[in-house]
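Dropping final14.cif in here (mmCIF, C-alpha atoms and all ligand atoms):
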```cif
data_model
loop_
_atom_site.group_PDB
_atom_site.id
_atom_site.type_symbol
_atom_site.label_atom_id
_atom_site.label_comp_id
_atom_site.auth_asym_id
_atom_site.auth_seq_id
_atom_site.Cartn_x
_atom_site.Cartn_y
_atom_site.Cartn_z
ATOM 1 C CA MET A 1 179.822 5.002 155.798
ATOM 2 C CA LYS A 2 180.667 7.634 158.451
ATOM 3 C CA ARG A 3 181.094 4.970 161.115
ATOM 4 C CA THR A 4 183.234 2.804 158.837
ATOM 5 C CA ASN A 5 185.581 5.732 158.158
ATOM 6 C CA GLN A 6 185.787 6.532 161.881
ATOM 7 C CA ARG A 7 186.639 2.913 162.638
ATOM 8 C CA GLN A 8 189.315 2.934 159.916
ATOM 9 C CA LEU A 9 190.690 6.132 161.419
ATOM 10 C CA ALA A 10 190.744 4.616 164.924
ATOM 11 C CA ALA A 11 192.346 1.429 163.602
ATOM 12 C CA GLY A 12 195.027 3.506 161.851
ATOM 13 C CA ILE A 13 195.837 5.383 165.056
ATOM 14 C CA ALA A 14 195.827 2.145 167.078
ATOM 15 C CA LYS A 15 198.109 0.434 164.572
ATOM 16 C CA ARG A 16 200.792 3.139 164.388
ATOM 17 C CA GLY A 17 200.356 4.951 167.676
ATOM 18 C CA PHE A 18 199.311 8.596 167.816
ATOM 19 C CA ARG A 19 202.671 10.233 167.204
ATOM 20 C CA ARG A 20 203.575 8.189 164.128
ATOM 21 C CA TRP A 21 200.018 8.463 162.787
ATOM 22 C CA TYR A 22 200.047 12.249 163.286
ATOM 23 C CA GLU A 23 203.448 12.595 161.615
ATOM 24 C CA ARG A 24 202.217 10.563 158.661
ATOM 25 C CA GLN A 25 199.058 12.675 158.392
ATOM 26 C CA LEU A 26 201.146 15.847 158.190
ATOM 27 C CA ILE A 27 203.374 14.296 155.504
ATOM 28 C CA ASP A 28 200.342 13.104 153.523
ATOM 29 C CA ALA A 29 198.643 16.495 153.815
ATOM 30 C CA HIS A 30 201.660 18.354 152.551
ATOM 31 C CA LEU A 31 202.153 15.916 149.673
ATOM 32 C CA TRP A 32 198.579 16.748 148.647
ATOM 33 C CA LEU A 33 199.469 20.438 148.902
ATOM 34 C CA VAL A 34 202.447 19.886 146.584
ATOM 35 C CA GLY A 35 200.084 18.063 144.209
ATOM 36 C CA CYS A 36 197.766 21.067 144.301
ATOM 37 C CA LEU A 37 200.641 23.406 143.427
ATOM 38 C CA VAL A 38 201.719 21.153 140.529
ATOM 39 C CA ALA A 39 198.133 21.189 139.253
ATOM 40 C CA MET A 40 198.101 25.004 139.395
ATOM 41 C CA ILE A 41 201.306 25.044 137.321
ATOM 42 C CA LEU A 42 199.499 22.864 134.763
ATOM 43 C CA VAL A 43 196.620 25.350 134.712
ATOM 44 C CA ALA A 44 199.006 28.264 134.138
ATOM 45 C CA ALA A 45 200.785 26.312 131.378
ATOM 46 C CA GLY A 46 197.434 25.499 129.759
ATOM 47 C CA VAL A 47 196.372 29.155 129.823
ATOM 48 C CA GLU A 48 199.722 30.201 128.355
ATOM 49 C CA LEU A 49 199.502 27.573 125.611
ATOM 50 C CA ALA A 50 195.923 28.597 124.832
ATOM 51 C CA THR A 51 197.102 32.123 124.035
ATOM 52 C CA LEU A 52 199.735 30.743 121.633
ATOM 53 C CA GLY A 53 197.627 28.087 119.901
ATOM 54 C CA THR A 54 195.981 28.823 116.559
ATOM 55 C CA GLY A 55 194.091 25.680 115.592
ATOM 56 C CA THR A 56 190.897 24.306 117.068
ATOM 57 C CA ALA A 57 192.571 21.037 118.070
ATOM 58 C CA GLU A 58 195.319 22.904 119.915
ATOM 59 C CA ARG A 59 192.821 25.072 121.781
ATOM 60 C CA LEU A 60 190.802 22.017 122.746
ATOM 61 C CA SER A 61 193.849 20.239 124.141
ATOM 62 C CA ASP A 62 194.930 23.427 125.960
ATOM 63 C CA GLY A 63 191.416 23.789 127.389
ATOM 64 C CA ALA A 64 191.509 20.158 128.486
ATOM 65 C CA LEU A 65 194.828 20.817 130.226
ATOM 66 C CA VAL A 66 193.327 23.808 132.064
ATOM 67 C CA LEU A 67 190.178 21.941 133.080
ATOM 68 C CA GLY A 68 192.142 18.842 134.103
ATOM 69 C CA GLY A 69 194.531 20.972 136.149
ATOM 70 C CA LEU A 70 191.644 22.746 137.865
ATOM 71 C CA ALA A 71 189.919 19.456 138.709
ATOM 72 C CA ALA A 72 193.133 17.858 139.970
ATOM 73 C CA GLY A 73 194.003 20.982 141.961
ATOM 74 C CA ALA A 74 190.574 21.141 143.585
ATOM 75 C CA TYR A 75 190.744 17.444 144.505
ATOM 76 C CA ALA A 76 194.276 17.771 145.881
ATOM 77 C CA PHE A 77 193.359 20.853 147.929
ATOM 78 C CA ARG A 78 190.303 19.080 149.326
ATOM 79 C CA ARG A 79 192.442 16.108 150.400
ATOM 80 C CA TYR A 80 195.041 18.461 151.875
ATOM 81 C CA SER A 81 192.541 20.397 153.981
ATOM 82 C CA ARG A 82 190.646 17.264 155.023
ATOM 83 C CA THR A 83 193.771 15.374 156.084
ATOM 84 C CA LEU A 84 195.043 18.375 158.017
ATOM 85 C CA MET A 85 191.632 18.945 159.650
ATOM 86 C CA VAL A 86 191.450 15.342 160.871
ATOM 87 C CA ALA A 87 195.032 15.460 162.189
ATOM 88 C CA GLU A 88 194.421 18.718 164.043
ATOM 89 C CA PHE A 89 191.049 17.560 165.405
ATOM 90 C CA ILE A 90 192.678 14.506 166.985
ATOM 91 C CA GLY A 91 195.885 16.367 167.870
ATOM 92 C CA GLU A 92 193.977 18.961 169.926
ATOM 93 C CA GLN A 93 192.738 16.150 172.185
ATOM 94 C CA ALA A 94 196.092 14.388 172.487
ATOM 95 C CA ASP A 95 197.313 16.097 175.669
ATOM 96 C CA CYS A 96 197.101 13.863 178.739
ATOM 97 C CA PRO A 97 194.764 15.423 181.343
ATOM 98 C CA GLY A 98 196.882 13.859 184.104
ATOM 99 C CA CYS A 99 200.433 14.902 183.279
ATOM 100 C CA GLY A 100 200.113 17.068 180.150
ATOM 101 C CA ARG A 101 202.187 14.787 177.920
ATOM 102 C CA HIS A 102 201.296 15.157 174.230
ATOM 103 C CA GLY A 103 200.435 11.845 172.620
ATOM 104 C CA PHE A 104 198.699 8.663 173.637
ATOM 105 C CA ARG A 105 198.291 4.970 173.013
ATOM 106 C CA VAL A 106 194.933 3.573 171.950
ATOM 107 C CA GLY A 107 193.116 1.117 174.177
ATOM 108 C CA GLY A 108 193.771 0.247 177.745
ATOM 109 C CA GLN A 109 190.855 0.412 180.124
ATOM 110 C CA ALA A 110 187.513 0.250 178.339
ATOM 111 C CA PRO A 111 184.622 2.230 179.881
ATOM 112 C CA ASN A 112 182.925 -1.027 180.968
ATOM 113 C CA GLY A 113 185.639 -3.596 180.644
ATOM 114 C CA PRO A 114 188.951 -4.804 181.967
ATOM 115 C CA THR A 115 192.301 -3.346 180.947
ATOM 116 C CA GLY A 116 193.363 -4.148 177.416
ATOM 117 C CA SER A 117 189.938 -5.175 176.161
ATOM 118 C CA ALA A 118 188.865 -1.888 174.592
ATOM 119 C CA PRO A 119 188.258 -1.896 170.841
ATOM 120 C CA PRO A 120 189.975 0.891 168.878
ATOM 121 C CA SER A 121 186.743 2.916 168.851
ATOM 122 C CA HIS A 122 183.274 2.868 170.344
ATOM 123 C CA ALA A 123 180.233 5.127 170.403
ATOM 124 C CA HIS A 124 179.825 7.252 173.532
ATOM 125 C CA PRO A 125 176.726 5.897 175.348
ATOM 126 C CA ALA A 126 175.166 9.340 175.902
ATOM 127 C CA THR A 127 176.146 11.300 172.782
ATOM 128 C CA GLY A 128 176.521 8.495 170.219
ATOM 129 C CA ILE A 129 179.699 10.187 168.979
ATOM 130 C CA ASP A 130 182.431 7.750 168.063
ATOM 131 C CA GLU A 131 185.472 8.033 170.255
ATOM 132 C CA LEU A 132 188.507 6.041 171.167
ATOM 133 C CA THR A 133 189.999 5.351 174.550
ATOM 134 C CA ALA A 134 193.386 7.001 174.912
ATOM 135 C CA ALA A 135 195.972 5.878 177.452
ATOM 136 C CA CYS A 136 198.955 7.938 178.564
ATOM 137 C CA PRO A 137 202.173 5.891 178.422
ATOM 138 C CA ARG A 138 203.708 8.014 181.198
ATOM 139 C CA CYS A 139 201.056 8.242 183.950
ATOM 140 C CA LYS A 140 198.629 5.496 182.730
ATOM 141 C CA CYS A 141 195.751 8.023 182.717
ATOM 142 C CA HIS A 142 192.781 7.218 180.400
ATOM 143 C CA TRP A 143 190.575 9.652 178.523
ATOM 144 C CA ALA A 144 188.229 9.693 175.537
ATOM 145 C CA VAL A 145 189.277 11.182 172.206
ATOM 146 C CA ARG A 146 186.334 12.148 169.967
ATOM 147 C CA LEU A 147 186.630 11.154 166.316
ATOM 148 C CA PRO A 148 185.644 13.642 163.629
ATOM 149 C CA ALA A 149 182.503 13.012 161.568
ATOM 150 C CA LEU A 150 183.935 11.839 158.269
ATOM 151 C CA GLY A 151 182.125 11.831 154.948
ATOM 152 C CA PRO A 152 182.341 9.259 152.168
ATOM 153 C CA GLU A 153 185.966 9.986 151.259
ATOM 154 C CA LYS A 154 188.418 7.381 152.544
ATOM 155 C CA PRO A 155 190.686 8.725 155.294
ATOM 156 C CA THR A 156 194.388 8.071 155.042
ATOM 157 C CA SER A 157 195.266 5.579 157.747
HETATM 158 ZN ZN ZN B 1 199.865 11.348 181.454
#
```
Please go through the file and, once you have read it, give me the structure as C-alpha cells.
Amino acid sequence: MKRTNQRQLAAGIAKRGFRRWYERQLIDAHLWLVGCLVAMILVAAGVELATLGTGTAERLSDGALVLGGLAAGAYAFRRYSRTLMVAEFIGEQADCPGCGRHGFRVGGQAPNGPTGSAPPSHAHPATGIDELTAACPRCKCHWAVRLPALGPEKPTS
C-alpha cells in the first residue's frame, strides 16, 4: 500500500510538474483547513443548541451534530496536516544542487538508463527508499528526491 501511494504521488508530480503539483497541494491543504473550521462551527452550534434543547430527541440530534462535527473536523485536520507535510517534504528537496533553482521536472536520466527512460519513481538500490529522479530545466542537473512514507490514506495527486 505504501509503495502504491508513493507511485501515485510520483505520477502526480510527473503529470503536472513540481510547481503546479506543489501549488495544488497547498490549495488542497487549505481547503481541508477551511473544512476543519466549518466543522468546528458545527460543533459550537451543536453545543449551543444542546443548552437550549429540552426534549430527549432534540438533545440526541444536538449530540449527533457535535459528534459529527468533531469527527469531520478531526478528519479534515488530518488531511490538512498530511497534505501539507507531503508538500513540504518534497518542496524541501526541490532546489537544484547545480544552480539553486527551485523546482524540477520528473524523469530525465535514470540511474542506470539512457535519458528519458526513467520511470516516475524507483527504489534506491542501497536504502530501498522510494525516490524520483528530478531534472533541472535550467542547468539539466539530475538529483534524487526522496518520497515520504505514506500510510493507507490516498494522497491527493
Ligand atoms: Zn539547475
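If you apply the PyMOL selection byres (((chain A and resi 50) around 10) and not hetatm) to this structure, you end up with A:Ala44, A:Ala45, A:Gly46, A:Val47, A:Glu48, A:Leu49, A:Thr51, A:Leu52, A:Gly53, A:Thr54, A:Gly55, A:Glu58, A:Arg59, A:Leu60, A:Ser61, A:Asp62, A:Gly63, A:Leu65, A:Val66.
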I'd like a table as a tab-separated table: residues in chain A with an atom no more than 6 Å from ligand ZN 1 (chain B), each row giving the shortest atom pair and its distance in Å to one decimal, only C-alpha atoms and all ligand atoms counted, sorted by chain and rising residue number.
```
residue	atom	partner	partner_atom	distance
A:Cys96	CA	B:ZN1	ZN	4.6
A:Gly98	CA	B:ZN1	ZN	4.7
A:Cys99	CA	B:ZN1	ZN	4.0
A:Gly100	CA	B:ZN1	ZN	5.9
A:Arg101	CA	B:ZN1	ZN	5.5
A:Cys136	CA	B:ZN1	ZN	4.6
A:Arg138	CA	B:ZN1	ZN	5.1
A:Cys139	CA	B:ZN1	ZN	4.2
A:Cys141	CA	B:ZN1	ZN	5.4
```
Selection export as a PDB file, in the coordinates of the input, atoms kept: C-alpha atoms:
```pdb
ATOM      1  CA  CYS A  96     197.101  13.863 178.739  1.00  0.00           C
ATOM      2  CA  GLY A  98     196.882  13.859 184.104  1.00  0.00           C
ATOM      3  CA  CYS A  99     200.433  14.902 183.279  1.00  0.00           C
ATOM      4  CA  GLY A 100     200.113  17.068 180.150  1.00  0.00           C
ATOM      5  CA  ARG A 101     202.187  14.787 177.920  1.00  0.00           C
ATOM      6  CA  CYS A 136     198.955   7.938 178.564  1.00  0.00           C
ATOM      7  CA  ARG A 138     203.708   8.014 181.198  1.00  0.00           C
ATOM      8  CA  CYS A 139     201.056   8.242 183.950  1.00  0.00           C
ATOM      9  CA  CYS A 141     195.751   8.023 182.717  1.00  0.00           C
TER      10      CYS A 141
END
```
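Considering all atoms listed in the file, the residue among A:Arg16, A:Arg78, A:His122, A:His102 positioned nearest to A:Arg146 is A:His122.
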As a check of understanding, name the residues that the PyMOL selection byres (((chain A and resi 28-35) around 6) and not hetatm) selects in the supplied structure, as a PyMOL selection string.
chain A and resi 25-27+36-38+76+80+83-84
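Note that the spacing between atom CA of A:Thr133 and atom CA of A:Arg24 amounts to 20.7 Å.
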Atom CA of A:Ala135 to atom CA of A:Gly103 measures 8.9 Å
Atom pair atom CA of A:Arg105 + atom CA of A:Gly17, distance 5.7 Å
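The residues returned by the PyMOL selection byres (((chain A and resi 7) around 10) and not hetatm) on the shown structure are Met1, Lys2, Arg3, Thr4, Asn5, Gln6, Gln8, Leu9, Ala10, Ala11, Gly12, Ile13, Pro119, Pro120, Ser121, His122, Asp130, Glu131, Leu132 and Leu147 of chain A.
Each of A:Glu92, A:Met40, A:Pro97, A:Ala57 was checked against A:Gly73 using only C-alpha atoms; the smallest atom-to-atom distance is that of A:Met40.
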Counting only C-alpha atoms, what is within 8 Å of A:Pro148, bar same-chain residues fewer than 3 positions away, as a PDB file with C-alpha atoms, keeping the file's coordinate frame?
```
ATOM      1  CA  GLN A   6     185.787   6.532 161.881  1.00  0.00           C
ATOM      2  CA  VAL A  86     191.450  15.342 160.871  1.00  0.00           C
ATOM      3  CA  PHE A  89     191.049  17.560 165.405  1.00  0.00           C
ATOM      4  CA  ILE A  90     192.678  14.506 166.985  1.00  0.00           C
TER       5      ILE A  90
END
```
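Restricting the calculation to all atoms listed in the file, the smallest distance between A:Trp21 and any of A:Gly68, A:Pro125, A:Pro137, A:Gly91 is found for A:Gly91.
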Axis-aligned box for all listed atoms of stretch 65-75 of chain A, 8 Å per side, centre and edges in Å to one decimal, as JSON:
```
{"center_x": 192.4, "center_y": 20.6, "center_z": 137.4, "size_x": 20.9, "size_y": 22.4, "size_z": 30.3}
```
